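Undergrad: Below you will find the structure I want to go over with you.
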Amino acid sequence: MRRYRYRTAVLTGPWRETEIDAANDAVRAKQAIDDITRPEGIRWTVPGRIEVRISEETATPLKN
């Protein structure tokens with residue numbers, strides 16, 4: 001099972017079931033803003049990324 005969360009230098013969101021939910025968490029935390037012109041659908045206001053975890057493996061970057 002894949003799980004997603006956002007990570008910045010200051011904040012890390014909770015694991016979510018979808019990448020969209022993780023991106024929405026980043027927007028609510030003011031770490032990103034909505035931007036439909038980008039592949040993730042957000043533009044980071046601070047350096048950040050969406051991470052993915054498969055099962056109990058260590059988290060790895062999904063997108064930068």
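Residue numbering restarts at 1 for every chain of the structure tokens, chains are lettered A, B, ... in their displayed order, and ligands are numbered from 1 as they appear.
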If you count only C-alpha atoms, which residues fall within 8 Å of region 5-17 of chain A, apart from same-chain ones fewer than 4 positions away, as a list in words?
TA: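 Here the qualifying residues turn out to be Asp21, Ala22, Ala23, Asp25, Ala26, Gln31, Val46, Pro47, Gly48, Arg49, Ile50, Glu51 and Val52 of chain A.
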Undergrad: Could the residues in this selection be written to a file with N, CA and C atoms, as a PDB file, in the first residue's frame?
TA:
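Done, and the output landed in again31.pdb:
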ATOM      1  N   ASP A  21      -4.233  14.325  -1.281  1.00  0.00           N
ATOM      2  CA  ASP A  21      -4.462  14.651   0.123  1.00  0.00           C
ATOM      3  C   ASP A  21      -3.197  15.222   0.766  1.00  0.00           C
ATOM      4  N   ALA A  22      -2.037  14.646   0.421  1.00  0.00           N
ATOM      5  CA  ALA A  22      -0.772  15.149   0.965  1.00  0.00           C
ATOM      6  C   ALA A  22      -0.495  16.565   0.449  1.00  0.00           C
ATOM      7  N   ALA A  23      -0.762  16.808  -0.824  1.00  0.00           N
ATOM      8  CA  ALA A  23      -0.571  18.142  -1.388  1.00  0.00           C
ATOM      9  C   ALA A  23      -1.514  19.143  -0.722  1.00  0.00           C
ATOM     10  N   ASP A  25      -2.635  18.984   2.298  1.00  0.00           N
ATOM     11  CA  ASP A  25      -2.069  19.246   3.624  1.00  0.00           C
ATOM     12  C   ASP A  25      -0.983  20.326   3.537  1.00  0.00           C
ATOM     13  N   ALA A  26      -0.138  20.240   2.519  1.00  0.00           N
ATOM     14  CA  ALA A  26       0.936  21.232   2.340  1.00  0.00           C
ATOM     15  C   ALA A  26       0.348  22.619   2.113  1.00  0.00           C
ATOM     16  N   GLN A  31       2.761  25.739   3.209  1.00  0.00           N
ATOM     17  CA  GLN A  31       4.062  25.346   2.692  1.00  0.00           C
ATOM     18  C   GLN A  31       4.041  25.345   1.166  1.00  0.00           C
ATOM     19  N   VAL A  46       8.164  27.104   0.032  1.00  0.00           N
ATOM     20  CA  VAL A  46       9.451  26.773   0.658  1.00  0.00           C
ATOM     21  C   VAL A  46       9.915  25.490  -0.027  1.00  0.00           C
ATOM     22  N   PRO A  47      11.202  25.172   0.015  1.00  0.00           N
ATOM     23  CA  PRO A  47      11.621  23.917  -0.604  1.00  0.00           C
ATOM     24  C   PRO A  47      10.891  22.730   0.033  1.00  0.00           C
ATOM     25  N   GLY A  48      10.259  21.922  -0.796  1.00  0.00           N
ATOM     26  CA  GLY A  48       9.507  20.795  -0.277  1.00  0.00           C
ATOM     27  C   GLY A  48       9.282  19.736  -1.333  1.00  0.00           C
ATOM     28  N   ARG A  49       8.680  18.645  -0.899  1.00  0.00           N
ATOM     29  CA  ARG A  49       8.387  17.549  -1.815  1.00  0.00           C
ATOM     30  C   ARG A  49       7.290  16.671  -1.216  1.00  0.00           C
ATOM     31  N   ILE A  50       6.719  15.853  -2.083  1.00  0.00           N
ATOM     32  CA  ILE A  50       5.785  14.821  -1.654  1.00  0.00           C
ATOM     33  C   ILE A  50       6.586  13.525  -1.580  1.00  0.00           C
ATOM     34  N   GLU A  51       6.490  12.841  -0.439  1.00  0.00           N
ATOM     35  CA  GLU A  51       7.177  11.567  -0.260  1.00  0.00           C
ATOM     36  C   GLU A  51       6.177  10.428  -0.400  1.00  0.00           C
ATOM     37  N   VAL A  52       6.693   9.270  -0.766  1.00  0.00           N
ATOM     38  CA  VAL A  52       5.855   8.074  -0.860  1.00  0.00           C
ATOM     39  C   VAL A  52       6.490   6.968  -0.029  1.00  0.00           C
TER      40      VAL A  52
END
Undergrad: Please run DSSP on the backbone and report, as a PyMOL selection string, all residues within chain A that come out as alpha helix (DSSP H).
TA: chain A and resi 19-28
Undergrad: Which polymer residues have any atom within 12 Å of an atom of Asp35 (chain A), counting only C-alpha atoms, with same-chain residues fewer than 6 positions away left out, as a PyMOL selection string?
TA: chain A and resi 23-24+27+41-45
Undergrad: Using DSSP on the backbone, list every residue of region 18-49 of chain A that comes out as strand (DSSP E), and give them as a list in words.
TA: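 Those in region 18-49 of chain A that DSSP calls strand (DSSP E) are Ala32, Ile33, Asp34, Ile42, Arg43, Trp44, Gly48 and Arg49 of chain A.
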Undergrad: CA of Pro39 (chain A) and CA of Ser55 (chain A) are how many Å apart?
TA: 24.6 Å
